$ cat target-v7.cif   # mmCIF, C-alpha atoms
data_structure
#
loop_
_atom_site.group_PDB
_atom_site.id
_atom_site.type_symbol
_atom_site.label_atom_id
_atom_site.label_comp_id
_atom_site.auth_asym_id
_atom_site.auth_seq_id
_atom_site.Cartn_x
_atom_site.Cartn_y
_atom_site.Cartn_z
ATOM 1 C CA MET D 110 -3.728 14.355 -18.704
ATOM 2 C CA GLU D 111 -5.060 11.758 -16.308
ATOM 3 C CA THR D 112 -5.289 11.724 -12.549
ATOM 4 C CA LEU D 113 -4.171 8.661 -10.615
ATOM 5 C CA VAL D 114 -5.257 7.762 -7.117
ATOM 6 C CA LEU D 115 -3.718 5.075 -4.903
ATOM 7 C CA PHE D 116 -5.389 4.041 -1.681
ATOM 8 C CA TYR D 117 -5.957 1.319 0.870
ATOM 9 C CA LYS D 118 -7.696 0.775 4.145
ATOM 10 C CA TYR D 119 -7.653 -2.096 6.577
ATOM 11 C CA VAL D 120 -11.261 -2.327 7.721
ATOM 12 C CA ASP D 121 -13.593 -5.222 8.467
ATOM 13 C CA ILE D 122 -15.718 -5.871 5.372
ATOM 14 C CA GLN D 123 -18.405 -8.416 6.179
ATOM 15 C CA TYR D 124 -19.677 -8.816 2.615
ATOM 16 C CA PRO D 125 -16.845 -7.986 0.173
ATOM 17 C CA HIS D 126 -18.766 -9.261 -2.872
ATOM 18 C CA GLN D 127 -21.487 -6.690 -2.205
ATOM 19 C CA ILE D 128 -18.839 -3.983 -1.979
ATOM 20 C CA LEU D 129 -17.406 -5.283 -5.268
ATOM 21 C CA LYS D 130 -20.740 -4.677 -7.023
ATOM 22 C CA TRP D 131 -20.902 -1.141 -5.621
ATOM 23 C CA GLN D 132 -17.284 -0.400 -6.545
ATOM 24 C CA LYS D 133 -17.754 -1.731 -10.072
ATOM 25 C CA ALA D 134 -20.899 0.322 -10.652
ATOM 26 C CA THR D 135 -19.337 3.485 -9.215
ATOM 27 C CA ALA D 136 -16.043 3.204 -11.118
ATOM 28 C CA THR D 137 -17.793 2.277 -14.366
ATOM 29 C CA ASP D 138 -20.219 5.201 -14.138
ATOM 30 C CA LEU D 139 -17.256 7.543 -13.598
ATOM 31 C CA GLY D 140 -15.230 6.052 -16.466
ATOM 32 C CA LEU D 141 -12.389 4.941 -14.209
ATOM 33 C CA LYS D 142 -9.856 2.221 -15.023
ATOM 34 C CA GLY D 143 -7.452 0.362 -12.783
ATOM 35 C CA ARG D 144 -7.416 -2.387 -10.159
ATOM 36 C CA ILE D 145 -9.158 -2.856 -6.833
ATOM 37 C CA ILE D 146 -8.619 -5.768 -4.462
ATOM 38 C CA LEU D 147 -11.198 -6.460 -1.766
ATOM 39 C CA ALA D 148 -11.070 -8.875 1.146
ATOM 40 C CA HIS D 149 -12.657 -9.263 4.537
ATOM 41 C CA GLU D 150 -9.653 -7.309 5.866
ATOM 42 C CA GLY D 151 -10.102 -4.235 3.656
ATOM 43 C CA ILE D 152 -9.554 -2.590 0.272
ATOM 44 C CA ASN D 153 -6.502 -1.839 -1.893
ATOM 45 C CA GLY D 154 -6.727 0.068 -5.142
ATOM 46 C CA ILE D 155 -5.224 2.172 -7.884
ATOM 47 C CA LEU D 156 -7.473 3.996 -10.341
ATOM 48 C CA SER D 157 -7.013 6.510 -13.146
ATOM 49 C CA GLY D 158 -9.336 8.870 -14.971
ATOM 50 C CA SER D 159 -10.225 12.532 -15.274
ATOM 51 C CA LYS D 160 -9.651 14.760 -12.267
ATOM 52 C CA GLU D 161 -13.395 15.340 -11.967
ATOM 53 C CA SER D 162 -14.109 11.591 -11.935
ATOM 54 C CA ILE D 163 -11.392 10.882 -9.366
ATOM 55 C CA ASP D 164 -12.713 13.685 -7.157
ATOM 56 C CA GLN D 165 -16.232 12.219 -7.369
ATOM 57 C CA TYR D 166 -14.926 8.747 -6.548
ATOM 58 C CA ILE D 167 -13.097 10.045 -3.475
ATOM 59 C CA GLN D 168 -16.255 11.833 -2.358
ATOM 60 C CA CYS D 169 -18.265 8.590 -2.713
ATOM 61 C CA MET D 170 -15.674 6.723 -0.667
ATOM 62 C CA ASN D 171 -15.583 9.374 2.052
ATOM 63 C CA GLU D 172 -19.352 9.220 2.360
ATOM 64 C CA HIS D 173 -19.357 5.437 2.799
ATOM 65 C CA GLU D 174 -19.506 4.158 6.368
ATOM 66 C CA LEU D 175 -16.531 1.835 5.855
ATOM 67 C CA PHE D 176 -14.162 3.955 3.803
ATOM 68 C CA GLY D 177 -14.025 7.400 5.377
ATOM 69 C CA GLY D 178 -10.632 8.760 6.362
ATOM 70 C CA ILE D 179 -8.548 7.048 3.666
ATOM 71 C CA ASP D 180 -5.231 8.687 2.782
ATOM 72 C CA PHE D 181 -5.744 9.027 -0.975
ATOM 73 C CA LYS D 182 -2.437 9.497 -2.812
ATOM 74 C CA ILE D 183 -3.043 11.532 -5.966
ATOM 75 C CA SER D 184 -0.736 12.182 -8.919
ATOM 76 C CA THR D 185 -1.097 13.278 -12.538
ATOM 77 C CA GLY D 186 0.426 12.251 -15.838
ATOM 78 C CA SER D 187 -0.241 11.228 -19.431
ATOM 79 C CA SER D 188 -3.234 9.055 -20.291
ATOM 80 C CA GLY D 189 -3.388 5.294 -20.755
ATOM 81 C CA TYR D 190 -1.982 4.040 -17.444
ATOM 82 C CA HIS D 191 -4.643 1.330 -17.158
ATOM 83 C CA PRO D 192 -6.265 -0.455 -20.109
ATOM 84 C CA ARG D 193 -9.310 -1.666 -18.156
ATOM 85 C CA LEU D 194 -11.097 -1.898 -14.816
ATOM 86 C CA ARG D 195 -10.520 -5.017 -12.730
ATOM 87 C CA ILE D 196 -12.062 -5.589 -9.300
ATOM 88 C CA VAL D 197 -11.572 -8.860 -7.432
ATOM 89 C CA VAL D 198 -12.178 -10.402 -4.018
ATOM 90 C CA LYS D 199 -9.218 -12.224 -2.447
ATOM 91 C CA ASP D 200 -8.150 -13.552 0.940
ATOM 92 C CA GLU D 201 -5.683 -10.687 1.482
ATOM 93 C CA ILE D 202 -5.565 -7.188 0.014
ATOM 94 C CA VAL D 203 -1.814 -7.619 -0.462
ATOM 95 C CA PHE D 204 -0.497 -11.174 -0.414
ATOM 96 C CA LEU D 205 1.740 -11.856 2.562
ATOM 97 C CA GLY D 206 0.789 -15.535 2.591
ATOM 98 C CA ILE D 207 -0.160 -15.534 6.274
ATOM 99 C CA ASP D 208 -3.678 -15.907 7.669
ATOM 100 C CA PRO D 209 -4.963 -12.306 7.950
ATOM 101 C CA LYS D 210 -6.788 -13.286 11.125
ATOM 102 C CA LYS D 211 -3.495 -14.277 12.808
ATOM 103 C CA ILE D 212 -1.380 -11.307 11.703
ATOM 104 C CA THR D 213 -3.522 -8.183 11.460
ATOM 105 C CA ALA D 214 -2.761 -4.571 10.611
ATOM 106 C CA ASP D 215 -3.723 -3.350 14.072
ATOM 107 C CA MET D 216 -0.829 -5.422 15.447
ATOM 108 C CA GLY D 217 1.660 -3.474 13.318
ATOM 109 C CA GLY D 218 4.492 -1.129 14.213
ATOM 110 C CA LYS D 219 4.036 2.451 15.374
ATOM 111 C CA HIS D 220 3.357 4.937 12.567
ATOM 112 C CA LEU D 221 5.925 7.692 12.082
ATOM 113 C CA THR D 222 5.076 10.809 10.093
ATOM 114 C CA PRO D 223 7.512 11.782 7.326
ATOM 115 C CA GLU D 224 8.850 14.495 9.632
ATOM 116 C CA GLN D 225 9.382 12.047 12.501
ATOM 117 C CA THR D 226 11.047 9.600 10.127
ATOM 118 C CA HIS D 227 13.388 12.251 8.747
ATOM 119 C CA ASP D 228 14.340 13.444 12.210
ATOM 120 C CA LEU D 229 14.967 9.904 13.427
ATOM 121 C CA ILE D 230 17.291 9.162 10.513
ATOM 122 C CA GLU D 231 19.017 12.531 10.858
ATOM 123 C CA ASN D 232 19.698 11.945 14.559
ATOM 124 C CA LYS D 233 20.397 8.286 13.932
ATOM 125 C CA PRO D 234 20.582 6.207 17.109
ATOM 126 C CA GLU D 235 23.270 3.512 17.063
ATOM 127 C CA ASN D 236 20.701 0.725 16.925
ATOM 128 C CA LEU D 237 18.556 2.184 14.121
ATOM 129 C CA VAL D 238 17.814 -0.132 11.172
ATOM 130 C CA LEU D 239 15.923 0.842 8.010
ATOM 131 C CA LEU D 240 14.186 -2.125 6.401
ATOM 132 C CA ASP D 241 12.865 -2.025 2.832
ATOM 133 C CA ALA D 242 9.750 -4.236 2.722
ATOM 134 C CA ARG D 243 9.544 -4.137 -1.078
ATOM 135 C CA ASN D 244 10.730 -6.521 -3.774
ATOM 136 C CA ASN D 245 14.277 -6.501 -5.143
ATOM 137 C CA TYR D 246 13.334 -4.942 -8.491
ATOM 138 C CA GLU D 247 11.876 -1.970 -6.596
ATOM 139 C CA SER D 248 14.821 -1.329 -4.287
ATOM 140 C CA LYS D 249 17.308 -1.645 -7.162
ATOM 141 C CA ILE D 250 16.346 1.778 -8.485
ATOM 142 C CA GLY D 251 15.575 3.600 -5.251
ATOM 143 C CA THR D 252 15.669 3.176 -1.481
ATOM 144 C CA PHE D 253 16.652 4.910 1.737
ATOM 145 C CA THR D 254 20.362 5.455 2.312
ATOM 146 C CA GLY D 255 21.835 2.565 4.288
ATOM 147 C CA ALA D 256 18.636 0.505 4.247
ATOM 148 C CA ILE D 257 18.538 -3.286 4.338
ATOM 149 C CA THR D 258 17.097 -4.380 0.970
ATOM 150 C CA PRO D 259 15.995 -8.048 1.047
ATOM 151 C CA ASP D 260 16.697 -9.965 -2.151
ATOM 152 C CA ILE D 261 13.101 -11.133 -2.597
ATOM 153 C CA LYS D 262 11.021 -11.345 -5.751
ATOM 154 C CA ASN D 263 7.616 -11.246 -4.053
ATOM 155 C CA PHE D 264 6.167 -9.735 -0.893
ATOM 156 C CA ARG D 265 5.130 -13.210 0.245
ATOM 157 C CA ASP D 266 8.849 -14.055 0.520
ATOM 158 C CA LEU D 267 9.426 -11.420 3.214
ATOM 159 C CA PRO D 268 8.363 -13.549 6.230
ATOM 160 C CA GLU D 269 10.874 -16.253 5.274
ATOM 161 C CA TYR D 270 13.572 -13.595 4.872
ATOM 162 C CA LEU D 271 12.796 -12.213 8.314
ATOM 163 C CA ASP D 272 12.873 -15.688 9.850
ATOM 164 C CA LYS D 273 16.277 -16.445 8.337
ATOM 165 C CA ASN D 274 17.792 -13.071 9.214
ATOM 166 C CA ILE D 275 16.083 -12.353 12.501
ATOM 167 C CA ASP D 276 19.359 -11.780 14.381
ATOM 168 C CA GLN D 277 20.080 -8.540 12.507
ATOM 169 C CA PHE D 278 16.974 -7.021 14.116
ATOM 170 C CA LYS D 279 17.771 -8.068 17.689
ATOM 171 C CA ASP D 280 17.514 -5.083 20.061
ATOM 172 C CA LYS D 281 17.188 -2.708 17.089
ATOM 173 C CA LYS D 282 14.872 0.197 16.374
ATOM 174 C CA VAL D 283 13.481 -0.979 13.029
ATOM 175 C CA VAL D 284 11.859 1.480 10.616
ATOM 176 C CA MET D 285 10.080 -0.494 7.893
ATOM 177 C CA PHE D 286 8.972 1.173 4.657
ATOM 178 C CA CYS D 287 7.239 0.408 1.365
ATOM 179 C CA THR D 288 5.678 2.435 -1.460
ATOM 180 C CA GLY D 289 2.456 3.632 0.133
ATOM 181 C CA GLY D 290 2.364 1.891 3.490
ATOM 182 C CA ILE D 291 0.077 -1.065 2.896
ATOM 183 C CA ARG D 292 2.727 -3.786 2.941
ATOM 184 C CA CYS D 293 4.270 -2.509 6.160
ATOM 185 C CA GLU D 294 0.981 -2.700 8.066
ATOM 186 C CA ARG D 295 1.092 -6.494 8.397
ATOM 187 C CA ALA D 296 4.803 -7.026 7.690
ATOM 188 C CA SER D 297 5.701 -4.868 10.690
ATOM 189 C CA ALA D 298 3.207 -6.871 12.749
ATOM 190 C CA TYR D 299 4.970 -10.069 11.702
ATOM 191 C CA LEU D 300 8.338 -8.679 12.826
ATOM 192 C CA LYS D 301 6.846 -7.418 16.100
ATOM 193 C CA GLU D 302 5.478 -10.867 16.847
ATOM 194 C CA LYS D 303 9.022 -12.247 16.751
ATOM 195 C CA GLY D 304 9.757 -10.244 19.888
ATOM 196 C CA VAL D 305 13.405 -9.508 19.023
ATOM 197 C CA ALA D 306 13.391 -5.832 17.992
ATOM 198 C CA GLN D 307 13.477 -3.087 20.598
ATOM 199 C CA ASP D 308 10.923 -1.092 18.564
ATOM 200 C CA VAL D 309 9.214 -1.559 15.209
ATOM 201 C CA TYR D 310 8.021 1.467 13.221
ATOM 202 C CA GLN D 311 6.473 2.093 9.812
ATOM 203 C CA ILE D 312 6.359 5.277 7.756
ATOM 204 C CA GLU D 313 2.862 6.712 7.628
ATOM 205 C CA GLY D 314 1.971 6.962 3.952
ATOM 206 C CA GLY D 315 5.147 5.139 2.972
ATOM 207 C CA ILE D 316 7.739 6.409 0.527
ATOM 208 C CA GLU D 317 5.045 8.365 -1.320
ATOM 209 C CA ARG D 318 4.387 10.713 1.593
ATOM 210 C CA TYR D 319 8.045 10.960 2.627
ATOM 211 C CA ILE D 320 9.297 12.084 -0.797
ATOM 212 C CA GLU D 321 6.500 14.655 -1.079
ATOM 213 C CA LYS D 322 7.927 16.297 2.024
ATOM 214 C CA TYR D 323 11.619 15.522 1.390
ATOM 215 C CA PRO D 324 12.331 15.029 -2.335
ATOM 216 C CA ASP D 325 16.034 15.474 -1.642
ATOM 217 C CA GLY D 326 15.975 13.631 1.671
ATOM 218 C CA TYR D 327 17.239 10.204 2.677
ATOM 219 C CA PHE D 328 15.326 8.344 -0.046
ATOM 220 C CA ARG D 329 17.536 8.294 -3.123
ATOM 221 C CA GLY D 330 16.858 7.387 -6.740
ATOM 222 C CA LYS D 331 13.484 6.521 -8.261
ATOM 223 C CA ASN D 332 10.285 5.334 -6.635
ATOM 224 C CA TYR D 333 8.933 2.191 -8.289
ATOM 225 C CA VAL D 334 5.171 2.412 -8.863
ATOM 226 C CA PHE D 335 2.597 -0.161 -9.897
ATOM 227 C CA ASP D 336 1.128 1.381 -13.022
ATOM 228 C CA GLY D 337 2.219 2.251 -16.543
ATOM 229 C CA ARG D 338 4.726 4.836 -15.338
ATOM 230 C CA ILE D 339 6.808 2.010 -13.787
ATOM 231 C CA SER D 340 8.902 4.496 -11.807
ATOM 232 C CA VAL D 341 8.903 8.131 -10.724
ATOM 233 C CA LYS D 342 12.103 10.155 -10.496
ATOM 234 C CA VAL D 343 12.640 11.541 -6.999
ATOM 235 C CA ASN D 344 16.134 13.000 -7.308
ATOM 236 C CA ASP D 345 19.180 12.743 -9.577
ATOM 237 C CA ASP D 346 20.786 9.712 -7.899
ATOM 238 C CA ILE D 347 20.957 6.598 -10.108
ATOM 239 C CA LEU D 348 21.168 3.420 -8.053
ATOM 240 C CA GLY D 349 20.619 0.766 -10.714
ATOM 241 C CA THR D 350 22.818 -0.734 -13.426
ATOM 242 C CA CYS D 351 22.037 -2.012 -16.908
ATOM 243 C CA TYR D 352 21.342 -5.752 -16.897
ATOM 244 C CA ILE D 353 23.300 -6.163 -20.146
ATOM 245 C CA CYS D 354 26.376 -3.902 -19.855
ATOM 246 C CA ASN D 355 26.366 -2.979 -16.144
ATOM 247 C CA THR D 356 26.547 0.769 -16.749
ATOM 248 C CA SER D 357 24.704 3.141 -14.432
ATOM 249 C CA CYS D 358 21.028 3.156 -15.364
ATOM 250 C CA ASP D 359 17.574 2.947 -13.756
ATOM 251 C CA ASP D 360 15.131 2.548 -16.675
ATOM 252 C CA TYR D 361 13.019 -0.618 -16.650
ATOM 253 C CA ASN D 362 11.942 -2.555 -19.735
ATOM 254 C CA ASN D 363 10.320 -5.898 -20.463
ATOM 255 C CA CYS D 364 12.109 -8.218 -22.883
ATOM 256 C CA MET D 365 10.539 -8.209 -26.353
ATOM 257 C CA ASN D 366 10.764 -11.992 -26.325
ATOM 258 C CA ALA D 367 7.306 -12.661 -24.873
ATOM 259 C CA SER D 368 8.392 -16.119 -23.766
ATOM 260 C CA CYS D 369 11.062 -14.463 -21.617
ATOM 261 C CA ASN D 370 9.366 -11.148 -20.744
ATOM 262 C CA ARG D 371 12.151 -10.410 -18.235
ATOM 263 C CA HIS D 372 11.617 -7.167 -16.355
ATOM 264 C CA PHE D 373 15.084 -5.650 -16.516
ATOM 265 C CA ILE D 374 17.002 -2.401 -16.232
ATOM 266 C CA GLY D 375 18.370 -1.476 -19.641
ATOM 267 C CA CYS D 376 20.315 1.545 -20.902
ATOM 268 C CA ALA D 377 19.248 3.191 -24.171
ATOM 269 C CA PRO D 378 22.247 1.936 -26.223
ATOM 270 C CA CYS D 379 21.666 -1.674 -25.130
ATOM 271 C CA ILE D 380 17.916 -1.482 -25.742
ATOM 272 C CA GLU D 381 18.674 -0.274 -29.263
ATOM 273 C CA ALA D 382 21.506 -2.746 -29.895
ATOM 274 C CA TYR D 383 19.549 -5.747 -28.616
ATOM 275 C CA LYS D 384 16.280 -4.553 -30.199
ATOM 276 C CA GLY D 385 14.372 -4.390 -26.942
ATOM 277 C CA THR D 386 15.443 -7.811 -25.703
ATOM 278 C CA CYS D 387 17.469 -8.647 -22.611
ATOM 279 C CA SER D 388 20.204 -10.775 -24.231
ATOM 280 C CA GLN D 389 21.851 -11.956 -27.436
ATOM 281 C CA LYS D 390 19.915 -15.211 -27.223
ATOM 282 C CA CYS D 391 16.544 -13.485 -26.910
ATOM 283 C CA MET D 392 17.382 -11.097 -29.739
ATOM 284 C CA GLU D 393 18.260 -14.005 -32.046
ATOM 285 C CA LEU D 394 15.042 -15.832 -31.162
ATOM 286 C CA VAL D 395 13.016 -12.708 -31.936
ATOM 287 C CA GLU D 396 14.869 -12.041 -35.200
ATOM 288 C CA GLN D 397 14.345 -15.631 -36.310
ATOM 289 C CA LYS D 398 10.662 -15.389 -35.332
ATOM 290 C CA LEU D 399 10.985 -18.453 -33.144
ATOM 291 C CA VAL D 400 9.164 -16.821 -30.221
ATOM 292 C CA PRO D 401 6.172 -14.518 -29.865
ATOM 293 C CA ILE D 402 6.986 -10.807 -29.615
ATOM 294 C CA ARG D 403 5.691 -8.906 -26.621
ATOM 295 C CA PRO D 404 3.040 -6.323 -27.535
ATOM 296 C CA ALA D 405 4.045 -2.795 -26.577
ATOM 297 C CA PHE D 406 1.089 -2.348 -24.225
ATOM 298 C CA LYS D 407 2.393 -5.147 -21.989
ATOM 299 C CA LYS D 408 5.497 -3.196 -20.971
ATOM 300 C CA ALA D 409 4.577 -3.197 -17.298
ATOM 301 C CA ASP D 410 3.349 -6.776 -17.000
ATOM 302 C CA VAL D 411 5.266 -7.166 -13.741
ATOM 303 C CA ASN D 412 2.663 -4.851 -12.209
ATOM 304 C CA SER D 413 0.122 -7.632 -11.860
ATOM 305 C CA CYS D 414 -1.531 -6.380 -8.692
ATOM 306 C CA SER D 415 -2.355 -3.163 -6.945
ATOM 307 C CA VAL D 416 0.445 -2.934 -4.413
ATOM 308 C CA ILE D 417 1.289 0.297 -2.663
#

$ encode --input "target-v7.cif" --output "structure tokens"
Amino acid sequence: METLVLFYKYVDIQYPHQILKWQKATATDLGLKGRIILAHEGINGILSGSKESIDQYIQCMNEHELFGGIDFKISTGSSGYHPRLRIVVKDEIVFLGIDPKKITADMGGKHLTPEQTHDLIENKPENLVLLDARNNYESKIGTFTGAITPDIKNFRDLPEYLDKNIDQFKDKKVVMFCTGGIRCERASAYLKEKGVAQDVYQIEGGIERYIEKYPDGYFRGKNYVFDGRISVKVNDDILGTCYICNTSCDDYNNCMNASCNRHFIGCAPCIEAYKGTCSQKCMELVEQKLVPIRPAFKKADVNSCSVI
């Protein structure tokens, strides 16, 4: 069994490359694998390893002057979630595509605890709007009941979506949510800056913290995660449909045709019938050996960055 930890913190990092060296040395010494993104605006990471190593890493972070007080989200599961350790410095710790000096996390919407969120939805005011800040492949298998789910492939597409659909947030109480909260910090700030919503909120700790408290609450289906698990079952609701036959299903696969590598929902009979590919065409190309076959370890290639 391995322990996984997801975390982020928006904090001014003057010398991120120096922090990178410290993070690399610490994680390597502890035998941890995963991904960490650093920027002047903060840190965003997901790591896996033994429970003892994760506990030591958290202790090191808590003792650092910049990283105390992080809400570390811990889970357990089988081994092999991350094949290696990758730490990079970027302009943003999650790519919104907007200058992080112009739209900052401290400009974001008011944080609601899971309890406050649940109560607000339960006593739903007429002008309440739930806004899913995640990508379309995430919301297809799980989201809050009645939420707006933008048809976007990348987080960087969200500002354009908001610009084009700004009228649906006019005079509304908007509760924005994402997996662990990081995307909503600046996305909610972007919506606030538009000056159309009555109030803008974000769920403290995101979906992760809400479903811990309310596994059978207003979030239905599976929670998409950015590691080898791909998704975590929250309750028995199945929101998705098979890409091939359209039957009810919420299991993700990557097409065995490496040239396609489509990340798609596929039911067990279709995965078997089409030999792990997403279509008749891809299956024929694989059978005829006209395309490279995706290695099994690349199943979750869509998870190219540490987004929570």

$ residues_around --input "target-v7.cif" --residues "Ile339 (chain D)" --least-positions-apart "4" --cutoff "8 Å" --atoms "all atoms listed in the file" --output "count of residues only"
5

$ residues_around --input "target-v7.cif" --residues "Ile316 (chain D)" --least-positions-apart "2" --cutoff "12 Å" --atoms "only C-alpha atoms" --output "MDAnalysis selection string"
chainID D and resid 182 221:223 226:227 241:243 247:248 251:253 284:293 311:314 318:324 326:334 341 343 417

$ residues_around --input "target-v7.cif" --residues "Leu113 (chain D)" --least-positions-apart "4" --cutoff "7 Å" --atoms "all atoms listed in the file" --output "PyMOL selection string"
chain D and resi 156-158+183-185

$ write_last_selection --input "target-v7.cif" --atoms "C-alpha atoms" --output "tab-separated table (two decimals), in the frame of the given file"
chain	number	residue	atom	x	y	z
D	156	LEU	CA	-7.47	4.00	-10.34
D	157	SER	CA	-7.01	6.51	-13.15
D	158	GLY	CA	-9.34	8.87	-14.97
D	183	ILE	CA	-3.04	11.53	-5.97
D	184	SER	CA	-0.74	12.18	-8.92
D	185	THR	CA	-1.10	13.28	-12.54

$ closest_residue --input "target-v7.cif" --among "D:Pro401, D:Gly375, D:Pro234, D:Gly218" --to "Ser297 (chain D)" --atoms "only C-alpha atoms"
D:Gly218

$ closest_residue --input "target-v7.cif" --among "D:Asp164, D:Glu150, D:Asp359, D:Asp346" --to "Thr112 (chain D)" --atoms "only C-alpha atoms"
D:Asp164

$ resolve_selection --input "target-v7.cif" --expression "the PyMOL selection byres ((chain D and resi 136-147) around 7)" --output "list in words"
Pro125, Gln132, Lys133, Ala134, Thr135, Ala148, Gly151, Ile152, Asn153, Gly154, Ile155, Leu156, Ser157, Gly158, Ser162, His191, Pro192, Arg193, Leu194, Arg195, Ile196, Val197, Val198, Lys199, Ile202 and Ser415 of chain D

$ closest_residue --input "target-v7.cif" --among "D:Ile179, D:Ala377, D:Ile167, D:Val238" --to "Phe116 (chain D)" --atoms "only C-alpha atoms"
D:Ile179

$ resolve_selection --input "target-v7.cif" --expression "the PyMOL selection byres ((chain D and resi 388-394) around 9)" --output "number ranges by chain"
D: 352-353, 364-366, 369, 383-387, 395-400

$ write_last_selection --input "target-v7.cif" --atoms "C-alpha atoms" --output "mmCIF file, in the coordinates of the input"
data_model
loop_
_atom_site.group_PDB
_atom_site.id
_atom_site.type_symbol
_atom_site.label_atom_id
_atom_site.label_comp_id
_atom_site.auth_asym_id
_atom_site.auth_seq_id
_atom_site.Cartn_x
_atom_site.Cartn_y
_atom_site.Cartn_z
ATOM 1 C CA TYR D 352 21.342 -5.752 -16.897
ATOM 2 C CA ILE D 353 23.300 -6.163 -20.146
ATOM 3 C CA CYS D 364 12.109 -8.218 -22.883
ATOM 4 C CA MET D 365 10.539 -8.209 -26.353
ATOM 5 C CA ASN D 366 10.764 -11.992 -26.325
ATOM 6 C CA CYS D 369 11.062 -14.463 -21.617
ATOM 7 C CA TYR D 383 19.549 -5.747 -28.616
ATOM 8 C CA LYS D 384 16.280 -4.553 -30.199
ATOM 9 C CA GLY D 385 14.372 -4.390 -26.942
ATOM 10 C CA THR D 386 15.443 -7.811 -25.703
ATOM 11 C CA CYS D 387 17.469 -8.647 -22.611
ATOM 12 C CA VAL D 395 13.016 -12.708 -31.936
ATOM 13 C CA GLU D 396 14.869 -12.041 -35.200
ATOM 14 C CA GLN D 397 14.345 -15.631 -36.310
ATOM 15 C CA LYS D 398 10.662 -15.389 -35.332
ATOM 16 C CA LEU D 399 10.985 -18.453 -33.144
ATOM 17 C CA VAL D 400 9.164 -16.821 -30.221
#

$ closest_residue --input "target-v7.cif" --among "D:Lys219, D:Asp121, D:Asp345, D:Asp208" --to "Asp308 (chain D)" --atoms "only C-alpha atoms"
D:Lys219

$ atom_distance --input "target-v7.cif" --atom1 "CA of Ser159 (chain D)" --atom2 "CA of Val120 (chain D)"
27.4 Å
